[in-house]
$ cat query_27.txt   # compact mmCIF, N, CA and C atoms
# COMPACT_ATOMS: atom_id res chain seq x y z
N GLN A 645 1.06 11.57 -6.82
CA GLN A 645 2.03 10.50 -6.95
C GLN A 645 1.89 9.54 -5.78
N VAL A 646 1.78 8.27 -6.10
CA VAL A 646 1.63 7.26 -5.06
C VAL A 646 3.00 6.88 -4.51
N GLN A 647 3.09 6.79 -3.22
CA GLN A 647 4.32 6.32 -2.58
C GLN A 647 4.07 4.98 -1.91
N LEU A 648 4.99 4.05 -2.14
CA LEU A 648 4.95 2.74 -1.51
C LEU A 648 6.24 2.58 -0.72
N VAL A 649 6.11 2.32 0.56
CA VAL A 649 7.29 2.22 1.43
C VAL A 649 7.35 0.84 2.05
N GLU A 650 8.39 0.09 1.67
CA GLU A 650 8.58 -1.25 2.20
C GLU A 650 9.39 -1.22 3.48
N SER A 651 9.17 -2.22 4.31
CA SER A 651 9.96 -2.40 5.51
C SER A 651 9.91 -3.86 5.91
N GLY A 652 10.81 -4.24 6.82
CA GLY A 652 10.79 -5.61 7.35
C GLY A 652 11.87 -6.52 6.83
N GLY A 653 12.65 -6.06 5.87
CA GLY A 653 13.73 -6.90 5.36
C GLY A 653 14.84 -7.04 6.39
N GLY A 654 15.78 -7.92 6.07
CA GLY A 654 16.91 -8.11 6.97
C GLY A 654 17.65 -9.39 6.68
N LEU A 655 18.49 -9.77 7.62
CA LEU A 655 19.29 -10.99 7.52
C LEU A 655 18.68 -12.06 8.42
N VAL A 656 18.49 -13.24 7.87
CA VAL A 656 17.90 -14.33 8.63
C VAL A 656 18.55 -15.64 8.21
N GLN A 657 18.60 -16.58 9.12
CA GLN A 657 19.14 -17.90 8.79
C GLN A 657 18.12 -18.72 8.02
N ALA A 658 18.62 -19.66 7.25
CA ALA A 658 17.73 -20.56 6.53
C ALA A 658 16.78 -21.25 7.50
N GLY A 659 15.52 -21.32 7.08
CA GLY A 659 14.50 -21.88 7.94
C GLY A 659 13.77 -20.86 8.76
N GLY A 660 14.28 -19.65 8.80
CA GLY A 660 13.68 -18.59 9.57
C GLY A 660 12.53 -17.90 8.85
N SER A 661 12.03 -16.85 9.49
CA SER A 661 10.87 -16.12 8.96
C SER A 661 11.11 -14.62 8.98
N LEU A 662 10.46 -13.93 8.07
CA LEU A 662 10.41 -12.48 8.04
C LEU A 662 9.03 -12.07 7.58
N ARG A 663 8.60 -10.88 8.00
CA ARG A 663 7.37 -10.31 7.47
C ARG A 663 7.67 -8.94 6.88
N LEU A 664 7.39 -8.82 5.59
CA LEU A 664 7.56 -7.55 4.91
C LEU A 664 6.25 -6.77 4.94
N SER A 665 6.38 -5.46 5.02
CA SER A 665 5.22 -4.57 4.98
C SER A 665 5.40 -3.55 3.87
N CYS A 666 4.30 -3.16 3.27
CA CYS A 666 4.30 -2.13 2.24
C CYS A 666 3.18 -1.15 2.57
N ALA A 667 3.57 0.04 2.99
CA ALA A 667 2.59 1.07 3.33
C ALA A 667 2.40 2.00 2.15
N ALA A 668 1.14 2.18 1.75
CA ALA A 668 0.82 3.02 0.60
C ALA A 668 0.31 4.39 1.06
N SER A 669 0.60 5.39 0.23
CA SER A 669 0.17 6.75 0.56
C SER A 669 -1.25 7.02 0.08
N ARG A 670 -1.87 5.99 -0.52
CA ARG A 670 -3.22 6.14 -1.03
C ARG A 670 -4.03 4.91 -0.65
N ILE A 671 -5.34 5.05 -0.70
CA ILE A 671 -6.21 3.93 -0.35
C ILE A 671 -5.93 2.77 -1.29
N ILE A 672 -5.50 1.63 -0.73
CA ILE A 672 -5.08 0.52 -1.58
C ILE A 672 -6.26 -0.15 -2.27
N PHE A 673 -7.47 0.10 -1.76
CA PHE A 673 -8.63 -0.49 -2.42
C PHE A 673 -8.82 0.10 -3.81
N SER A 674 -8.18 1.23 -4.08
CA SER A 674 -8.29 1.85 -5.39
C SER A 674 -7.48 1.12 -6.46
N PHE A 675 -6.59 0.25 -6.02
CA PHE A 675 -5.75 -0.47 -6.98
C PHE A 675 -6.41 -1.78 -7.40
N ASN A 676 -6.18 -2.18 -8.65
CA ASN A 676 -6.71 -3.46 -9.11
C ASN A 676 -6.06 -4.61 -8.35
N ASP A 677 -4.76 -4.50 -8.16
CA ASP A 677 -4.09 -5.49 -7.35
C ASP A 677 -2.77 -4.92 -6.84
N MET A 678 -2.23 -5.57 -5.84
CA MET A 678 -0.92 -5.22 -5.30
C MET A 678 -0.11 -6.49 -5.18
N GLY A 679 1.20 -6.32 -5.19
CA GLY A 679 2.01 -7.52 -5.16
C GLY A 679 3.43 -7.27 -4.68
N TRP A 680 4.13 -8.36 -4.58
CA TRP A 680 5.55 -8.35 -4.23
C TRP A 680 6.34 -9.00 -5.34
N TYR A 681 7.43 -8.34 -5.72
CA TYR A 681 8.36 -8.85 -6.69
C TYR A 681 9.72 -8.92 -6.02
N ARG A 682 10.63 -9.66 -6.63
CA ARG A 682 11.99 -9.70 -6.08
C ARG A 682 13.00 -9.77 -7.21
N GLN A 683 14.19 -9.28 -6.90
CA GLN A 683 15.28 -9.31 -7.88
C GLN A 683 16.56 -9.70 -7.18
N ALA A 684 17.09 -10.84 -7.57
CA ALA A 684 18.36 -11.31 -7.04
C ALA A 684 19.49 -10.79 -7.91
N PRO A 685 20.70 -10.72 -7.39
CA PRO A 685 21.84 -10.21 -8.18
C PRO A 685 22.01 -10.99 -9.48
N GLY A 686 22.10 -10.27 -10.57
CA GLY A 686 22.32 -10.89 -11.87
C GLY A 686 21.09 -11.54 -12.48
N LYS A 687 19.94 -11.37 -11.85
CA LYS A 687 18.71 -11.98 -12.36
C LYS A 687 17.66 -10.92 -12.63
N GLN A 688 16.68 -11.32 -13.42
CA GLN A 688 15.57 -10.41 -13.70
C GLN A 688 14.61 -10.35 -12.52
N ARG A 689 13.89 -9.25 -12.45
CA ARG A 689 12.87 -9.12 -11.41
C ARG A 689 11.76 -10.12 -11.69
N GLU A 690 11.31 -10.81 -10.65
CA GLU A 690 10.28 -11.81 -10.83
C GLU A 690 9.13 -11.57 -9.84
N LEU A 691 7.96 -12.00 -10.29
CA LEU A 691 6.78 -11.92 -9.45
C LEU A 691 6.89 -12.93 -8.31
N VAL A 692 6.53 -12.51 -7.11
CA VAL A 692 6.50 -13.42 -5.98
C VAL A 692 5.05 -13.75 -5.61
N ALA A 693 4.25 -12.72 -5.42
CA ALA A 693 2.85 -12.93 -5.01
C ALA A 693 2.04 -11.68 -5.31
N THR A 694 0.77 -11.88 -5.60
CA THR A 694 -0.14 -10.76 -5.79
C THR A 694 -1.43 -11.00 -5.02
N ILE A 695 -2.10 -9.90 -4.71
CA ILE A 695 -3.41 -9.97 -4.07
C ILE A 695 -4.31 -8.96 -4.77
N ALA A 696 -5.45 -9.43 -5.23
CA ALA A 696 -6.37 -8.59 -5.97
C ALA A 696 -7.25 -7.77 -5.02
N ARG A 697 -7.95 -6.81 -5.61
CA ARG A 697 -8.82 -5.97 -4.80
C ARG A 697 -9.79 -6.81 -3.98
N GLY A 698 -10.30 -7.86 -4.58
CA GLY A 698 -11.27 -8.71 -3.90
C GLY A 698 -10.65 -9.69 -2.93
N GLY A 699 -9.32 -9.79 -2.93
CA GLY A 699 -8.65 -10.64 -1.96
C GLY A 699 -8.07 -11.93 -2.52
N SER A 700 -8.33 -12.24 -3.77
CA SER A 700 -7.75 -13.46 -4.34
C SER A 700 -6.23 -13.28 -4.47
N THR A 701 -5.53 -14.39 -4.29
CA THR A 701 -4.07 -14.34 -4.27
C THR A 701 -3.46 -15.24 -5.33
N ASN A 702 -2.22 -14.94 -5.65
CA ASN A 702 -1.48 -15.71 -6.64
C ASN A 702 -0.01 -15.75 -6.21
N TYR A 703 0.63 -16.92 -6.38
CA TYR A 703 2.01 -17.08 -5.95
C TYR A 703 2.84 -17.75 -7.02
N VAL A 704 4.11 -17.40 -7.08
CA VAL A 704 5.04 -18.14 -7.92
C VAL A 704 5.25 -19.51 -7.27
N ASP A 705 5.45 -20.53 -8.07
CA ASP A 705 5.50 -21.90 -7.56
C ASP A 705 6.56 -22.07 -6.46
N SER A 706 7.67 -21.38 -6.58
CA SER A 706 8.78 -21.59 -5.66
C SER A 706 8.49 -21.13 -4.22
N VAL A 707 7.44 -20.34 -4.02
CA VAL A 707 7.12 -19.86 -2.67
C VAL A 707 5.80 -20.41 -2.14
N LYS A 708 5.09 -21.15 -2.96
CA LYS A 708 3.79 -21.69 -2.51
C LYS A 708 3.98 -22.57 -1.27
N GLY A 709 3.12 -22.34 -0.30
CA GLY A 709 3.20 -23.09 0.94
C GLY A 709 4.15 -22.49 1.96
N ARG A 710 4.96 -21.53 1.55
CA ARG A 710 5.91 -20.89 2.47
C ARG A 710 5.60 -19.41 2.69
N PHE A 711 5.14 -18.73 1.66
CA PHE A 711 4.86 -17.30 1.74
C PHE A 711 3.35 -17.06 1.72
N THR A 712 2.94 -16.01 2.41
CA THR A 712 1.53 -15.61 2.42
C THR A 712 1.42 -14.11 2.24
N ILE A 713 0.68 -13.70 1.22
CA ILE A 713 0.42 -12.28 1.02
C ILE A 713 -0.94 -11.93 1.62
N SER A 714 -1.01 -10.76 2.25
CA SER A 714 -2.27 -10.32 2.84
C SER A 714 -2.30 -8.80 2.81
N LYS A 715 -3.45 -8.24 3.13
CA LYS A 715 -3.54 -6.79 3.15
C LYS A 715 -4.50 -6.33 4.24
N ASP A 716 -4.29 -5.11 4.67
CA ASP A 716 -5.17 -4.46 5.65
C ASP A 716 -5.62 -3.16 5.00
N ASN A 717 -6.83 -3.17 4.47
CA ASN A 717 -7.32 -1.98 3.75
C ASN A 717 -7.41 -0.76 4.67
N ALA A 718 -7.72 -0.98 5.93
CA ALA A 718 -7.84 0.13 6.87
C ALA A 718 -6.50 0.82 7.10
N LYS A 719 -5.42 0.04 7.01
CA LYS A 719 -4.08 0.60 7.22
C LYS A 719 -3.36 0.89 5.91
N ASN A 720 -4.03 0.61 4.79
CA ASN A 720 -3.40 0.82 3.47
C ASN A 720 -2.05 0.12 3.39
N THR A 721 -2.00 -1.10 3.87
CA THR A 721 -0.76 -1.83 3.96
C THR A 721 -0.93 -3.24 3.43
N VAL A 722 0.08 -3.69 2.72
CA VAL A 722 0.14 -5.05 2.22
C VAL A 722 1.32 -5.74 2.89
N TYR A 723 1.14 -7.01 3.20
CA TYR A 723 2.17 -7.77 3.90
C TYR A 723 2.61 -8.99 3.10
N LEU A 724 3.81 -9.43 3.38
CA LEU A 724 4.28 -10.70 2.85
C LEU A 724 4.94 -11.46 4.00
N GLN A 725 4.24 -12.47 4.48
CA GLN A 725 4.80 -13.33 5.51
C GLN A 725 5.62 -14.42 4.84
N MET A 726 6.89 -14.49 5.20
CA MET A 726 7.80 -15.44 4.57
C MET A 726 8.31 -16.41 5.63
N ASN A 727 7.97 -17.67 5.47
CA ASN A 727 8.40 -18.72 6.39
C ASN A 727 9.30 -19.71 5.66
N SER A 728 10.01 -20.50 6.43
CA SER A 728 10.90 -21.53 5.87
C SER A 728 11.80 -20.94 4.79
N LEU A 729 12.40 -19.82 5.10
CA LEU A 729 13.22 -19.12 4.10
C LEU A 729 14.42 -19.96 3.69
N LYS A 730 14.78 -19.80 2.42
CA LYS A 730 15.90 -20.51 1.83
C LYS A 730 16.91 -19.50 1.30
N PRO A 731 18.17 -19.91 1.17
CA PRO A 731 19.17 -18.98 0.62
C PRO A 731 18.77 -18.44 -0.74
N GLU A 732 18.08 -19.23 -1.53
CA GLU A 732 17.66 -18.76 -2.86
C GLU A 732 16.56 -17.71 -2.81
N ASP A 733 16.02 -17.42 -1.63
CA ASP A 733 15.06 -16.34 -1.48
C ASP A 733 15.76 -14.99 -1.33
N THR A 734 17.07 -15.01 -1.22
CA THR A 734 17.83 -13.77 -1.08
C THR A 734 17.63 -12.88 -2.30
N ALA A 735 17.20 -11.64 -2.04
CA ALA A 735 16.91 -10.71 -3.14
C ALA A 735 16.48 -9.37 -2.53
N ILE A 736 16.35 -8.39 -3.40
CA ILE A 736 15.66 -7.17 -3.02
C ILE A 736 14.18 -7.38 -3.35
N TYR A 737 13.33 -7.12 -2.38
CA TYR A 737 11.89 -7.32 -2.54
C TYR A 737 11.22 -5.96 -2.75
N TYR A 738 10.41 -5.89 -3.81
CA TYR A 738 9.75 -4.65 -4.18
C TYR A 738 8.24 -4.80 -4.07
N CYS A 739 7.62 -3.76 -3.56
CA CYS A 739 6.16 -3.69 -3.52
C CYS A 739 5.67 -3.05 -4.82
N ASN A 740 4.55 -3.54 -5.31
CA ASN A 740 3.98 -3.04 -6.58
C ASN A 740 2.49 -2.82 -6.41
N ALA A 741 1.99 -1.77 -7.03
CA ALA A 741 0.55 -1.50 -7.03
C ALA A 741 0.13 -1.17 -8.46
N ARG A 742 -0.93 -1.81 -8.91
CA ARG A 742 -1.40 -1.59 -10.27
C ARG A 742 -2.82 -1.07 -10.25
N GLY A 743 -3.02 0.03 -11.04
CA GLY A 743 -4.34 0.60 -11.16
C GLY A 743 -4.61 0.99 -12.59
N LEU A 744 -5.72 1.67 -12.82
CA LEU A 744 -6.09 2.06 -14.17
C LEU A 744 -5.09 3.03 -14.78
N ALA A 745 -4.44 3.83 -13.94
CA ALA A 745 -3.51 4.85 -14.44
C ALA A 745 -2.10 4.32 -14.60
N GLY A 746 -1.87 3.06 -14.27
CA GLY A 746 -0.53 2.51 -14.38
C GLY A 746 -0.11 1.79 -13.12
N GLN A 747 1.18 1.57 -12.99
CA GLN A 747 1.66 0.86 -11.82
C GLN A 747 2.72 1.68 -11.09
N HIS A 748 2.90 1.33 -9.83
CA HIS A 748 3.82 2.05 -8.96
C HIS A 748 4.71 1.05 -8.24
N TRP A 749 5.92 1.49 -7.91
CA TRP A 749 6.90 0.63 -7.25
C TRP A 749 7.43 1.30 -5.99
N GLY A 750 7.75 0.48 -5.01
CA GLY A 750 8.47 0.95 -3.85
C GLY A 750 9.97 0.94 -4.12
N GLN A 751 10.73 1.36 -3.13
CA GLN A 751 12.18 1.47 -3.30
C GLN A 751 12.88 0.14 -3.07
N GLY A 752 12.20 -0.81 -2.47
CA GLY A 752 12.77 -2.13 -2.25
C GLY A 752 13.33 -2.30 -0.85
N THR A 753 13.33 -3.55 -0.39
CA THR A 753 13.93 -3.89 0.89
C THR A 753 14.72 -5.17 0.73
N GLN A 754 15.92 -5.19 1.28
CA GLN A 754 16.83 -6.33 1.10
C GLN A 754 16.47 -7.46 2.05
N VAL A 755 16.38 -8.65 1.50
CA VAL A 755 16.22 -9.87 2.29
C VAL A 755 17.41 -10.77 2.00
N THR A 756 18.12 -11.14 3.04
CA THR A 756 19.29 -12.01 2.90
C THR A 756 19.11 -13.23 3.79
N VAL A 757 19.19 -14.41 3.18
CA VAL A 757 19.02 -15.66 3.91
C VAL A 757 20.35 -16.41 3.90
N SER A 758 20.90 -16.62 5.07
CA SER A 758 22.19 -17.30 5.17
C SER A 758 21.98 -18.80 5.34
N SER A 759 22.92 -19.56 4.82
CA SER A 759 22.80 -21.03 4.89
C SER A 759 23.45 -21.57 6.15

$ encode --input "query_27.txt" --output "structure tokens"
Amino acid sequence: QVQLVESGGGLVQAGGSLRLSCAASRIIFSFNDMGWYRQAPGKQRELVATIARGGSTNYVDSVKGRFTISKDNAKNTVYLQMNSLKPEDTAIYYCNARGLAGQHWGQGTQVTVSS
């Protein structure tokens, strides 16, 4: 069973920055891609960013230019650098890993952006 453990969430003022980390219990190079999703109260979970095995990235339009996803294969960790945070970025952020056998989720980390 793969375990994904997120960290780095917290409370920040609008315009501030946070970096989320997702540590995997397995070699992340084994996954087709990894990503970050978020779910705000009363809303559906949405994709924020993904990074493929080869390193190509994809972002939802609302975070382009502000968020950066990256990974460190040696540390089996994926990161999400979030800059210029807005109140609408407030949500629980989940790490996701997809492979041939299916996908895995972390427990989530709360990000709260105050105005």

$ residues_around --input "query_27.txt" --residues "Ser669 in chain A" --least-positions-apart "6" --cutoff "6.5 Å" --atoms "all atoms listed in the file" --output "PyMOL selection string"
chain A and resi 646-649

$ residues_around --input "query_27.txt" --residues "range 714-729 of chain A" --least-positions-apart "2" --cutoff "7 Å" --atoms "all atoms listed in the file" --output "tab-separated table (two decimals) with N, CA and C atoms, keeping the file's coordinate frame"
chain	number	residue	atom	x	y	z
A	657	GLN	N	18.60	-16.58	9.12
A	657	GLN	CA	19.14	-17.90	8.79
A	657	GLN	C	18.12	-18.72	8.02
A	658	ALA	N	18.62	-19.66	7.25
A	658	ALA	CA	17.73	-20.56	6.53
A	658	ALA	C	16.78	-21.25	7.50
A	659	GLY	N	15.52	-21.32	7.08
A	659	GLY	CA	14.50	-21.88	7.94
A	659	GLY	C	13.77	-20.86	8.76
A	660	GLY	N	14.28	-19.65	8.80
A	660	GLY	CA	13.68	-18.59	9.57
A	660	GLY	C	12.53	-17.90	8.85
A	661	SER	N	12.03	-16.85	9.49
A	661	SER	CA	10.87	-16.12	8.96
A	661	SER	C	11.11	-14.62	8.98
A	662	LEU	N	10.46	-13.93	8.07
A	662	LEU	CA	10.41	-12.48	8.04
A	662	LEU	C	9.03	-12.07	7.58
A	663	ARG	N	8.60	-10.88	8.00
A	663	ARG	CA	7.37	-10.31	7.47
A	663	ARG	C	7.67	-8.94	6.88
A	664	LEU	N	7.39	-8.82	5.59
A	664	LEU	CA	7.56	-7.55	4.91
A	664	LEU	C	6.25	-6.77	4.94
A	665	SER	N	6.38	-5.46	5.02
A	665	SER	CA	5.22	-4.57	4.98
A	665	SER	C	5.40	-3.55	3.87
A	666	CYS	N	4.30	-3.16	3.27
A	666	CYS	CA	4.30	-2.13	2.24
A	666	CYS	C	3.18	-1.15	2.57
A	667	ALA	N	3.57	0.04	2.99
A	667	ALA	CA	2.59	1.07	3.33
A	667	ALA	C	2.40	2.00	2.15
A	668	ALA	N	1.14	2.18	1.75
A	668	ALA	CA	0.82	3.02	0.60
A	668	ALA	C	0.31	4.39	1.06
A	669	SER	N	0.60	5.39	0.23
A	669	SER	CA	0.17	6.75	0.56
A	669	SER	C	-1.25	7.02	0.08
A	670	ARG	N	-1.87	5.99	-0.52
A	670	ARG	CA	-3.22	6.14	-1.03
A	670	ARG	C	-4.03	4.91	-0.65
A	671	ILE	N	-5.34	5.05	-0.70
A	671	ILE	CA	-6.21	3.93	-0.35
A	671	ILE	C	-5.93	2.77	-1.29
A	672	ILE	N	-5.50	1.63	-0.73
A	672	ILE	CA	-5.08	0.52	-1.58
A	672	ILE	C	-6.26	-0.15	-2.27
A	673	PHE	N	-7.47	0.10	-1.76
A	673	PHE	CA	-8.63	-0.49	-2.42
A	673	PHE	C	-8.82	0.10	-3.81
A	695	ILE	N	-2.10	-9.90	-4.71
A	695	ILE	CA	-3.41	-9.97	-4.07
A	695	ILE	C	-4.31	-8.96	-4.77
A	709	GLY	N	3.12	-22.34	-0.30
A	709	GLY	CA	3.20	-23.09	0.94
A	709	GLY	C	4.15	-22.49	1.96
A	710	ARG	N	4.96	-21.53	1.55
A	710	ARG	CA	5.91	-20.89	2.47
A	710	ARG	C	5.60	-19.41	2.69
A	711	PHE	N	5.14	-18.73	1.66
A	711	PHE	CA	4.86	-17.30	1.74
A	711	PHE	C	3.35	-17.06	1.72
A	712	THR	N	2.94	-16.01	2.41
A	712	THR	CA	1.53	-15.61	2.42
A	712	THR	C	1.42	-14.11	2.24
A	731	PRO	N	18.17	-19.91	1.17
A	731	PRO	CA	19.17	-18.98	0.62
A	731	PRO	C	18.77	-18.44	-0.74
A	732	GLU	N	18.08	-19.23	-1.53
A	732	GLU	CA	17.66	-18.76	-2.86
A	732	GLU	C	16.56	-17.71	-2.81
A	733	ASP	N	16.02	-17.42	-1.63
A	733	ASP	CA	15.06	-16.34	-1.48
A	733	ASP	C	15.76	-14.99	-1.33
A	757	VAL	N	19.19	-14.41	3.18
A	757	VAL	CA	19.02	-15.66	3.91
A	757	VAL	C	20.35	-16.41	3.90

$ atom_distance --input "query_27.txt" --atom1 "atom C of Gln751 in chain A" --atom2 "atom C of Gly698 in chain A"
25.5 Å

$ closest_residue --input "query_27.txt" --among "A:Lys730, A:Ser700, A:Ile736, A:Gly654" --to "Gly686 in chain A" --atoms "only C-alpha atoms"
A:Ile736

$ select_by_dssp --input "query_27.txt" --residues "range 655-708 of chain A" --states "strand (DSSP E or B)" --output "ChimeraX atom specification"
/A:655-657,662-668,677-683,690-696,701-703

$ closest_residue --input "query_27.txt" --among "A:Ser758, A:Asn702, A:Asn740, A:Gln747" --to "Trp680 in chain A" --atoms "only C-alpha atoms"
A:Asn740

$ atom_distance --input "query_27.txt" --atom1 "atom C of Ser651 in chain A" --atom2 "CA of Thr753 in chain A"
6.4 Å

$ atom_distance --input "query_27.txt" --atom1 "CA of Arg689 in chain A" --atom2 "CA of Gly653 in chain A"
16.9 Å

$ closest_residue --input "query_27.txt" --among "A:Met678, A:Val656, A:Leu744, A:Ala735" --to "Ala696 in chain A" --atoms "only C-alpha atoms"
A:Met678

$ closest_residue --input "query_27.txt" --among "A:Tyr703, A:Leu655, A:Thr694, A:Glu650" --to "Gly750 in chain A" --atoms "all atoms listed in the file"
A:Glu650

$ closest_residue --input "query_27.txt" --among "A:Val755, A:Ala745, A:Val707, A:Ala693" --to "Gly679 in chain A" --atoms "only C-alpha atoms"
A:Ala693

$ select_by_dssp --input "query_27.txt" --residues "range 646-749 of chain A" --states "helix (DSSP H, G or I)" --output "list in words"
Ile672, Phe673, Ser674, Asp705, Ser706, Val707, Asn717, Ala718, Lys719, Pro731, Glu732 and Asp733 of chain A

$ residues_around --input "query_27.txt" --residues "Gly743 in chain A" --least-positions-apart "3" --cutoff "6 Å" --atoms "only C-alpha atoms" --output "PyMOL selection string"
chain A and resi 675-676+746
